[in-house]
file upload_36.csv (CSV, C-alpha atoms)
chain,number,residue,atom,x,y,z
A,1,MET,CA,116.0,82.4,171.6
A,2,LYS,CA,114.1,79.2,170.8
A,3,ALA,CA,116.0,76.0,170.9
A,4,ALA,CA,115.7,72.2,171.1
A,5,TYR,CA,117.6,70.9,174.2
A,6,ILE,CA,117.8,68.3,176.9
A,7,ASP,CA,118.1,68.7,180.7
A,8,ARG,CA,118.8,65.0,181.2
A,9,PHE,CA,120.0,62.0,179.1
A,10,GLY,CA,117.5,59.6,177.7
A,11,GLY,CA,115.4,58.7,174.7
A,12,PRO,CA,113.9,61.1,172.2
A,13,GLU,CA,111.2,62.0,174.7
A,14,VAL,CA,113.7,64.0,176.8
A,15,LEU,CA,114.1,66.6,174.0
A,16,GLN,CA,112.4,69.8,174.8
A,17,TYR,CA,111.6,73.0,172.8
A,18,GLY,CA,111.6,76.3,174.5
A,19,ASP,CA,113.4,79.5,175.4
A,20,LEU,CA,117.0,79.7,176.4
A,21,PRO,CA,119.3,82.8,176.8
A,22,ASP,CA,120.8,84.3,173.7
A,23,PRO,CA,124.6,83.6,173.3
A,24,VAL,CA,127.1,86.4,173.5
A,25,ALA,CA,130.2,86.6,171.2
A,26,SER,CA,133.5,86.3,172.9
A,27,ALA,CA,136.7,87.6,171.3
A,28,GLY,CA,137.3,85.8,168.0
A,29,GLN,CA,133.7,84.6,167.8
A,30,VAL,CA,130.6,85.6,165.7
A,31,ILE,CA,127.0,85.2,166.5
A,32,VAL,CA,125.1,83.4,163.8
A,33,GLU,CA,121.4,83.6,163.3
A,34,VAL,CA,120.7,80.0,162.3
A,35,VAL,CA,118.5,79.4,159.3
A,36,ALA,CA,119.0,75.6,159.1
A,37,ALA,CA,120.7,72.9,161.2
A,38,SER,CA,121.2,69.3,160.4
A,39,VAL,CA,120.8,66.1,162.4
A,40,ASN,CA,123.7,63.7,162.6
A,41,GLY,CA,124.0,60.2,164.1
A,42,ALA,CA,126.2,61.6,166.8
A,43,ASP,CA,123.3,63.8,168.1
A,44,TRP,CA,121.1,61.0,169.4
A,45,ARG,CA,124.2,59.4,171.0
A,46,VAL,CA,124.9,62.6,172.8
A,47,ARG,CA,121.2,62.7,173.9
A,48,ALA,CA,121.4,59.2,175.2
A,49,GLY,CA,124.5,59.9,177.2
A,50,GLN,CA,126.9,57.8,175.2
A,51,TYR,CA,129.5,60.6,175.1
A,52,GLY,CA,129.7,61.2,178.8
A,53,GLN,CA,129.0,64.2,181.0
A,54,ALA,CA,127.4,67.4,179.9
A,55,LYS,CA,126.2,70.7,181.4
A,56,PHE,CA,122.5,71.0,181.3
A,57,PRO,CA,120.5,72.4,179.6
A,58,LEU,CA,122.3,71.1,176.6
A,59,VAL,CA,121.4,72.3,173.1
A,60,LEU,CA,122.2,69.5,170.6
A,61,GLY,CA,123.5,69.7,167.0
A,62,ARG,CA,126.8,70.4,165.4
A,63,ASP,CA,126.4,71.9,161.8
A,64,PHE,CA,124.4,74.8,160.6
A,65,SER,CA,123.9,77.5,158.0
A,66,GLY,CA,122.8,81.1,158.7
A,67,THR,CA,123.8,84.7,158.7
A,68,VAL,CA,126.3,86.6,160.9
A,69,ALA,CA,124.4,88.8,163.4
A,70,ALA,CA,127.2,90.1,165.6
A,71,LEU,CA,131.0,90.2,165.7
A,72,GLY,CA,133.2,89.5,168.7
A,73,GLU,CA,136.4,91.5,169.4
A,74,GLY,CA,139.1,91.0,166.8
A,75,VAL,CA,136.9,89.5,164.0
A,76,ASN,CA,137.5,91.3,160.8
A,77,ASP,CA,137.0,88.7,158.1
A,78,PHE,CA,133.2,88.7,158.3
A,79,LYS,CA,130.6,91.4,158.5
A,80,VAL,CA,127.1,91.4,159.8
A,81,GLY,CA,124.7,89.9,157.3
A,82,ASP,CA,127.2,87.5,155.7
A,83,ALA,CA,125.8,84.1,154.9
A,84,VAL,CA,128.0,81.4,156.5
A,85,PHE,CA,127.9,77.7,157.3
A,86,GLY,CA,130.0,75.4,159.4
A,87,VAL,CA,130.4,72.9,162.2
A,88,LEU,CA,130.8,73.8,165.9
A,89,GLU,CA,134.1,73.2,167.6
A,90,ALA,CA,134.9,69.5,168.3
A,91,GLY,CA,133.2,68.4,171.5
A,92,ARG,CA,130.7,71.3,171.3
A,93,GLU,CA,126.9,71.0,170.7
A,94,GLY,CA,124.5,73.8,170.1
A,95,ALA,CA,123.2,74.1,166.5
A,96,TYR,CA,119.5,73.2,167.3
A,97,ALA,CA,118.8,76.9,168.1
A,98,GLU,CA,117.9,80.2,166.6
A,99,LYS,CA,121.4,81.6,167.5
A,100,LEU,CA,124.8,80.3,168.2
A,101,ALA,CA,128.3,81.6,169.0
A,102,ILE,CA,131.2,80.1,167.1
A,103,THR,CA,134.9,80.8,166.4
A,104,ALA,CA,135.0,82.8,163.2
A,105,ALA,CA,138.1,81.1,161.9
A,106,ILE,CA,136.4,77.7,161.5
A,107,ILE,CA,133.4,78.8,159.5
A,108,ALA,CA,133.1,79.6,155.8
A,109,ARG,CA,131.0,81.8,153.5
A,110,LYS,CA,128.0,80.1,152.0
A,111,PRO,CA,127.9,80.2,148.2
A,112,ASP,CA,124.9,82.1,146.8
A,113,ALA,CA,124.1,79.1,144.6
A,114,VAL,CA,123.7,76.8,147.6
A,115,SER,CA,120.6,77.2,149.9
A,116,HIS,CA,120.9,77.4,153.7
A,117,ILE,CA,119.2,74.0,153.9
A,118,ASP,CA,121.6,72.4,151.6
A,119,ALA,CA,124.6,74.1,153.2
A,120,ALA,CA,123.6,72.7,156.6
A,121,ALA,CA,123.1,69.3,155.1
A,122,LEU,CA,126.5,69.4,153.5
A,123,ALA,CA,128.6,70.9,156.3
A,124,LEU,CA,129.6,68.0,158.6
A,125,THR,CA,129.0,65.3,156.0
A,126,GLY,CA,131.2,67.1,153.5
A,127,LEU,CA,133.8,67.9,156.0
A,128,THR,CA,134.0,64.3,157.1
A,129,ALA,CA,134.0,63.0,153.5
A,130,ILE,CA,136.7,65.3,152.4
A,131,ILE,CA,139.0,64.6,155.3
A,132,SER,CA,138.3,60.8,155.0
A,133,VAL,CA,138.7,60.4,151.3
A,134,GLU,CA,141.2,63.1,150.3
A,135,THR,CA,143.3,63.7,153.5
A,136,THR,CA,143.2,60.3,155.1
A,137,LEU,CA,142.9,57.8,152.3
A,138,LYS,CA,144.6,60.1,149.8
A,139,LEU,CA,142.4,58.6,147.0
A,140,GLN,CA,143.9,59.0,143.5
A,141,ARG,CA,142.5,59.0,140.0
A,142,GLY,CA,142.3,55.5,138.6
A,143,GLU,CA,142.0,53.8,142.0
A,144,THR,CA,139.1,51.6,143.1
A,145,ILE,CA,137.3,52.4,146.3
A,146,LEU,CA,134.5,50.5,148.2
A,147,ILE,CA,132.2,52.9,150.1
A,148,GLN,CA,130.1,51.1,152.7
A,149,GLY,CA,126.5,52.5,153.3
A,150,GLY,CA,126.3,54.6,150.1
A,151,ALA,CA,122.8,56.2,150.8
A,152,GLY,CA,123.9,57.9,154.0
A,153,GLY,CA,124.9,61.6,154.1
A,154,VAL,CA,128.6,61.2,154.4
A,155,ALA,CA,128.8,58.3,152.0
A,156,SER,CA,126.7,60.0,149.4
A,157,PHE,CA,129.1,62.9,149.4
A,158,ALA,CA,132.0,60.5,149.3
A,159,ILE,CA,130.7,58.7,146.3
A,160,GLN,CA,130.5,62.0,144.3
A,161,LEU,CA,133.9,63.2,145.6
A,162,ALA,CA,135.5,60.0,144.6
A,163,LYS,CA,134.1,60.2,141.1
A,164,HIS,CA,135.2,63.8,140.9
A,165,ILE,CA,138.7,62.7,141.8
A,166,GLY,CA,138.5,60.1,139.0
A,167,ALA,CA,138.2,56.9,141.0
A,168,ARG,CA,136.1,53.8,140.3
A,169,VAL,CA,133.4,53.6,143.0
A,170,ILE,CA,131.7,50.5,144.4
A,171,THR,CA,129.1,51.0,147.1
A,172,THR,CA,126.7,49.0,149.2
A,173,THR,CA,123.1,49.9,150.0
A,174,SER,CA,119.6,48.4,150.4
A,175,ALA,CA,117.4,47.5,147.4
A,176,ALA,CA,115.3,50.7,148.0
A,177,ASN,CA,118.4,52.9,147.4
A,178,LEU,CA,120.0,51.2,144.4
A,179,ASP,CA,118.9,53.8,141.9
A,180,TYR,CA,119.7,56.6,144.3
A,181,VAL,CA,123.3,55.7,144.7
A,182,ARG,CA,123.7,54.9,141.0
A,183,GLY,CA,122.4,58.4,140.4
A,184,LEU,CA,125.2,59.7,142.6
A,185,GLY,CA,127.7,58.1,140.2
A,186,ALA,CA,128.5,54.7,141.7
A,187,ASP,CA,130.0,52.4,139.1
A,188,GLU,CA,128.9,49.2,140.9
A,189,VAL,CA,126.2,48.8,143.5
A,190,ILE,CA,125.7,45.9,145.9
A,191,ASP,CA,122.4,45.2,147.7
A,192,TYR,CA,123.8,44.2,151.1
A,193,ASN,CA,120.6,42.2,151.9
A,194,ALA,CA,121.0,40.0,148.8
A,195,GLN,CA,124.8,39.8,148.3
A,196,ASP,CA,127.8,39.3,150.5
A,197,PHE,CA,130.2,42.0,149.4
A,198,THR,CA,133.2,40.0,150.2
A,199,ARG,CA,132.2,37.4,147.5
A,200,THR,CA,131.7,40.0,144.8
A,201,VAL,CA,134.3,42.7,145.5
A,202,SER,CA,138.1,42.3,145.5
A,203,ASN,CA,141.4,44.0,144.8
A,204,CYS,CA,140.3,47.5,146.0
A,205,ASP,CA,142.8,50.2,146.6
A,206,ALA,CA,140.7,51.7,149.4
A,207,VAL,CA,137.6,51.2,151.6
A,208,PHE,CA,135.6,54.0,153.3
A,209,ASP,CA,133.3,52.4,155.9
A,210,THR,CA,130.4,54.5,157.3
A,211,VAL,CA,128.5,51.5,158.8
A,212,GLY,CA,130.7,49.9,161.5
A,213,GLY,CA,130.3,46.6,163.3
A,214,ASP,CA,130.8,43.4,161.3
A,215,VAL,CA,130.8,45.3,158.0
A,216,ALA,CA,133.8,47.3,159.1
A,217,GLN,CA,135.8,44.2,160.1
A,218,LYS,CA,134.9,42.3,156.9
A,219,SER,CA,136.0,45.2,154.8
A,220,PHE,CA,139.6,44.3,155.1
A,221,ALA,CA,139.0,41.2,152.9
A,222,VAL,CA,138.3,43.2,149.7
A,223,LEU,CA,141.6,45.2,149.8
A,224,LYS,CA,144.5,44.5,147.6
A,225,PRO,CA,147.9,44.1,149.4
A,226,GLY,CA,149.0,47.6,150.5
A,227,GLY,CA,145.4,48.8,150.5
A,228,ARG,CA,144.0,51.1,153.1
A,229,ALA,CA,140.7,51.5,154.8
A,230,ALA,CA,139.2,54.4,156.7
A,231,PHE,CA,136.5,54.0,159.4
A,232,ILE,CA,134.2,56.6,160.9
A,233,ALA,CA,131.5,54.3,162.6
A,234,SER,CA,133.8,52.1,164.7
A,235,GLY,CA,134.5,54.5,167.6
A,236,PRO,CA,137.6,56.6,168.2
A,237,GLN,CA,140.0,53.9,167.0
A,238,ALA,CA,139.9,52.0,163.7
A,239,PRO,CA,139.3,48.3,163.9
A,240,LYS,CA,142.4,46.1,163.9
A,241,PRO,CA,143.0,44.4,160.5
A,242,ASP,CA,143.0,40.6,160.4
A,243,ARG,CA,145.9,40.7,157.9
A,244,SER,CA,149.3,42.4,158.0
A,245,ASP,CA,149.5,43.8,154.5
A,246,VAL,CA,146.8,46.5,154.8
A,247,THR,CA,146.4,49.7,156.8
A,248,ALA,CA,143.4,50.8,159.0
A,249,LEU,CA,142.9,54.5,159.5
A,250,ARG,CA,140.6,56.6,161.7
A,251,PRO,CA,140.1,60.0,160.1
A,252,ALA,CA,140.6,63.0,162.4
A,253,VAL,CA,137.7,65.3,161.5
A,254,GLY,CA,139.0,68.6,162.8
A,255,ARG,CA,137.3,72.0,162.3
A,256,ALA,CA,138.9,74.3,159.8
A,257,ARG,CA,137.8,76.8,157.1
A,258,ALA,CA,139.8,75.3,154.2
A,259,PRO,CA,137.9,72.0,153.9
A,260,LEU,CA,134.6,73.8,154.3
A,261,GLU,CA,135.6,76.1,151.4
A,262,ARG,CA,136.3,72.9,149.5
A,263,VAL,CA,132.8,71.7,150.3
A,264,ALA,CA,131.4,75.0,149.2
A,265,GLN,CA,133.4,74.9,145.9
A,266,LEU,CA,132.3,71.4,145.1
A,267,ALA,CA,128.7,72.2,145.8
A,268,ALA,CA,128.6,75.5,144.0
A,269,SER,CA,130.3,74.0,140.9
A,270,GLY,CA,127.8,71.1,140.8
A,271,ALA,CA,130.6,68.5,141.3
A,272,VAL,CA,128.7,67.3,144.4
A,273,ARG,CA,125.0,67.7,144.7
A,274,PRO,CA,123.3,68.1,148.1
A,275,PRO,CA,121.7,65.0,149.6
A,276,GLU,CA,118.1,64.2,149.6
A,277,VAL,CA,116.7,66.2,152.6
A,278,LYS,CA,113.8,65.6,155.0
A,279,LEU,CA,112.8,68.8,156.7
A,280,TYR,CA,111.6,69.3,160.3
A,281,ARG,CA,111.0,72.2,162.6
A,282,LEU,CA,112.9,72.5,165.9
A,283,ALA,CA,109.7,71.7,167.8
A,284,GLN,CA,109.8,68.3,166.0
A,285,ALA,CA,113.3,67.3,167.3
A,286,ALA,CA,112.0,64.2,169.0
A,287,GLU,CA,110.4,62.9,165.8
A,288,ALA,CA,113.6,63.7,163.9
A,289,HIS,CA,115.7,61.8,166.4
A,290,ARG,CA,113.5,58.7,166.3
A,291,LEU,CA,114.1,58.5,162.5
A,292,SER,CA,117.8,59.3,162.9
A,293,GLU,CA,118.2,56.6,165.5
A,294,SER,CA,116.5,54.0,163.3
A,295,ARG,CA,119.1,54.6,160.6
A,296,HIS,CA,116.5,53.6,158.0
A,297,PHE,CA,116.5,56.7,155.8
A,298,ARG,CA,118.6,58.2,153.1
A,299,GLY,CA,120.2,61.6,152.7
A,300,LYS,CA,120.0,64.1,155.6
A,301,LEU,CA,117.4,65.2,158.2
A,302,VAL,CA,117.5,69.0,158.5
A,303,PHE,CA,115.8,71.5,160.8
A,304,GLN,CA,114.4,74.6,159.1
A,305,VAL,CA,114.9,77.0,162.0
A,306,ARG,CA,113.7,80.3,160.3
call {"tool": "encode", "arguments": {"input": "upload_36.csv", "output": "structure tokens"}}
result
Amino acid sequence: MKAAYIDRFGGPEVLQYGDLPDPVASAGQVIVEVVAASVNGADWRVRAGQYGQAKFPLVLGRDFSGTVAALGEGVNDFKVGDAVFGVLEAGREGAYAEKLAITAAIIARKPDAVSHIDAAALALTGLTAIISVETTLKLQRGETILIQGGAGGVASFAIQLAKHIGARVITTTSAANLDYVRGLGADEVIDYNAQDFTRTVSNCDAVFDTVGGDVAQKSFAVLKPGGRAAFIASGPQAPKPDRSDVTALRPAVGRARAPLERVAQLAASGAVRPPEVKLYRLAQAAEAHRLSESRHFRGKLVFQVR
């Protein structure tokens, strides 16, 4: 199979495109012929060696959409030809390839109304947003949430999910993306280059931070007493609050079929629309990583594999 992979850690230039052995399905797994795979911020960090040791050659990538090509022993809830999407097991890479093996129990059927490209773009972002907003923050109708970095993949899904729940949504973004996030349903939009959000936002029930750094730490200031904040860009632990009357949470984004089915239902019903997508071929992996690492884009970067 063709794949984009690395045989050493480094910059985008270490990405290679070539042939690797086809995967074989173990018991409980399926082989998926990948149609589309998305690029996530974690991918370039893996490539750079920030996540530690790896066995080379290492195919990067975590989420995908495609069709079932083979069934491992004991798999009876899918058949060959089924359209599916999902996210590889936690700690596993391998979606930048024409084929992958994955545990059948953690993938979901792709709705007919959602393209493979959009399903790949929604898989990990949707999974992360649902677990962060619904499971971790337990956002309720009528509450106010500040979502930091609204034009990104996870945040753009979270804005729409929060509006679907019935919350009031405030978000931050750059001037170039003000109309984009308004179009997603944000009630109030702050240009982070022109305004200090801590001076214009207050009394929030919840914060969902996708930016990290100083933005994450400053986010505690906008919470009402008893408020809670969830962080996905501050490492494995949430930052420590500088006040005792709020709660800091780090969502545990596990792999399971149920939240993916929730992603599928929201997308198929139109409650959440797919992000803006910039397409690449697998042979352009280095170019995609350069843009991903710059963090100056909106929506999702997606490989059209076949």
call {"tool": "residues_near_point", "arguments": {"input": "upload_36.csv", "point": "(121.3, 82.1, 164.7)", "cutoff": "6 Å", "atoms": "all atoms listed in the file", "output": "CSV table (one decimal) with C-alpha atoms, in the coordinates of the input"}}
result
chain,number,residue,atom,x,y,z
A,32,VAL,CA,125.1,83.4,163.8
A,33,GLU,CA,121.4,83.6,163.3
A,34,VAL,CA,120.7,80.0,162.3
A,98,GLU,CA,117.9,80.2,166.6
A,99,LYS,CA,121.4,81.6,167.5
A,100,LEU,CA,124.8,80.3,168.2
call {"tool": "residues_around", "arguments": {"input": "upload_36.csv", "residues": "Gly74 in chain A", "least_positions_apart": "6", "cutoff": "9 Å", "atoms": "all atoms listed in the file", "output": "MDAnalysis selection string"}}
result
chainID A and resid 27:29
call {"tool": "atom_distance", "arguments": {"input": "upload_36.csv", "atom1": "CA of Ala271 in chain A", "atom2": "CA of Asp205 in chain A"}}
result
22.6 Å
call {"tool": "closest_residue", "arguments": {"input": "upload_36.csv", "among": "A:Asp191, A:Glu134, A:Glu293, A:Asp179", "to": "Lys163 in chain A", "atoms": "all atoms listed in the file"}}
result
A:Glu134
call {"tool": "atom_distance", "arguments": {"input": "upload_36.csv", "atom1": "CA of Asp19 in chain A", "atom2": "CA of Gly94 in chain A"}}
result
13.6 Å
call {"tool": "closest_residue", "arguments": {"input": "upload_36.csv", "among": "A:Met1, A:Ala120, A:Ile159, A:Val75", "to": "Gly18 in chain A", "atoms": "only C-alpha atoms"}}
result
A:Met1
call {"tool": "closest_residue", "arguments": {"input": "upload_36.csv", "among": "A:Gly81, A:Gly153, A:Gly213, A:Pro275", "to": "Thr128 in chain A", "atoms": "all atoms listed in the file"}}
result
A:Gly153
call {"tool": "closest_residue", "arguments": {"input": "upload_36.csv", "among": "A:Gln217, A:Asn40, A:Thr210, A:Ser269", "to": "His164 in chain A", "atoms": "all atoms listed in the file"}}
result
A:Ser269
call {"tool": "atom_distance", "arguments": {"input": "upload_36.csv", "atom1": "CA of Val222 in chain A", "atom2": "CA of Thr135 in chain A"}}
result
21.4 Å
call {"tool": "residues_near_point", "arguments": {"input": "upload_36.csv", "point": "(136.0, 43.0, 144.6)", "cutoff": "10 Å", "atoms": "all atoms listed in the file", "output": "JSON, numbers by chain"}}
result
{"A": [144, 145, 146, 170, 197, 198, 199, 200, 201, 202, 203, 204, 221, 222, 223, 224]}
call {"tool": "closest_residue", "arguments": {"input": "upload_36.csv", "among": "A:Gly235, A:Gly254, A:Gly150, A:Gly11", "to": "Leu127 in chain A", "atoms": "all atoms listed in the file"}}
result
A:Gly254
call {"tool": "residues_around", "arguments": {"input": "upload_36.csv", "residues": "Val84 in chain A", "least_positions_apart": "6", "cutoff": "7 Å", "atoms": "only C-alpha atoms", "output": "tab-separated table (two decimals) with C-alpha atoms, in the coordinates of the input"}}
result
chain	number	residue	atom	x	y	z
A	65	SER	CA	123.90	77.50	158.00
A	66	GLY	CA	122.80	81.10	158.70
A	67	THR	CA	123.80	84.70	158.70
A	107	ILE	CA	133.40	78.80	159.50
A	108	ALA	CA	133.10	79.60	155.80
A	109	ARG	CA	131.00	81.80	153.50
A	110	LYS	CA	128.00	80.10	152.00
call {"tool": "build_atoms", "arguments": {"input": "upload_36.csv", "residues": "range 192-213 of chain A", "atoms": "N, CA and C atoms", "output": "CSV table (one decimal), in the coordinates of the input"}}
result
chain,number,residue,atom,x,y,z
A,192,TYR,N,123.2,44.9,150.0
A,192,TYR,CA,123.8,44.2,151.1
A,192,TYR,C,122.9,43.1,151.7
A,193,ASN,N,121.6,43.2,151.4
A,193,ASN,CA,120.6,42.2,151.9
A,193,ASN,C,120.6,41.0,151.0
A,194,ALA,N,121.1,41.1,149.8
A,194,ALA,CA,121.0,40.0,148.8
A,194,ALA,C,122.4,39.4,148.5
A,195,GLN,N,123.4,40.2,148.7
A,195,GLN,CA,124.8,39.8,148.3
A,195,GLN,C,125.7,40.0,149.5
A,196,ASP,N,126.7,39.1,149.6
A,196,ASP,CA,127.8,39.3,150.5
A,196,ASP,C,128.9,40.0,149.7
A,197,PHE,N,129.2,41.2,150.1
A,197,PHE,CA,130.2,42.0,149.4
A,197,PHE,C,131.5,41.4,149.3
A,198,THR,N,131.9,40.6,150.3
A,198,THR,CA,133.2,40.0,150.2
A,198,THR,C,133.3,38.9,149.2
A,199,ARG,N,132.2,38.5,148.6
A,199,ARG,CA,132.2,37.4,147.5
A,199,ARG,C,132.2,38.1,146.2
A,200,THR,N,131.8,39.4,146.1
A,200,THR,CA,131.7,40.0,144.8
A,200,THR,C,132.7,41.1,144.6
A,201,VAL,N,133.4,41.6,145.6
A,201,VAL,CA,134.3,42.7,145.5
A,201,VAL,C,135.7,42.2,145.9
A,202,SER,N,136.7,42.6,145.2
A,202,SER,CA,138.1,42.3,145.5
A,202,SER,C,139.1,43.3,144.9
A,203,ASN,N,140.3,43.3,145.4
A,203,ASN,CA,141.4,44.0,144.8
A,203,ASN,C,141.1,45.5,144.8
A,204,CYS,N,140.5,46.0,145.9
A,204,CYS,CA,140.3,47.5,146.0
A,204,CYS,C,141.5,48.2,146.6
A,205,ASP,N,141.7,49.4,146.1
A,205,ASP,CA,142.8,50.2,146.6
A,205,ASP,C,142.5,50.7,148.0
A,206,ALA,N,141.2,51.0,148.2
A,206,ALA,CA,140.7,51.7,149.4
A,206,ALA,C,139.3,51.3,149.8
A,207,VAL,N,139.0,51.4,151.1
A,207,VAL,CA,137.6,51.2,151.6
A,207,VAL,C,137.3,52.4,152.5
A,208,PHE,N,136.1,52.9,152.3
A,208,PHE,CA,135.6,54.0,153.3
A,208,PHE,C,134.4,53.4,153.9
A,209,ASP,N,134.5,53.1,155.2
A,209,ASP,CA,133.3,52.4,155.9
A,209,ASP,C,132.6,53.5,156.8
A,210,THR,N,131.3,53.6,156.5
A,210,THR,CA,130.4,54.5,157.3
A,210,THR,C,129.4,53.7,158.1
A,211,VAL,N,129.5,52.3,158.2
A,211,VAL,CA,128.5,51.5,158.8
A,211,VAL,C,129.0,50.9,160.1
A,212,GLY,N,130.2,50.4,160.2
A,212,GLY,CA,130.7,49.9,161.5
A,212,GLY,C,130.3,48.5,161.7
A,213,GLY,N,130.6,48.0,162.9
A,213,GLY,CA,130.3,46.6,163.3
A,213,GLY,C,131.0,45.5,162.4
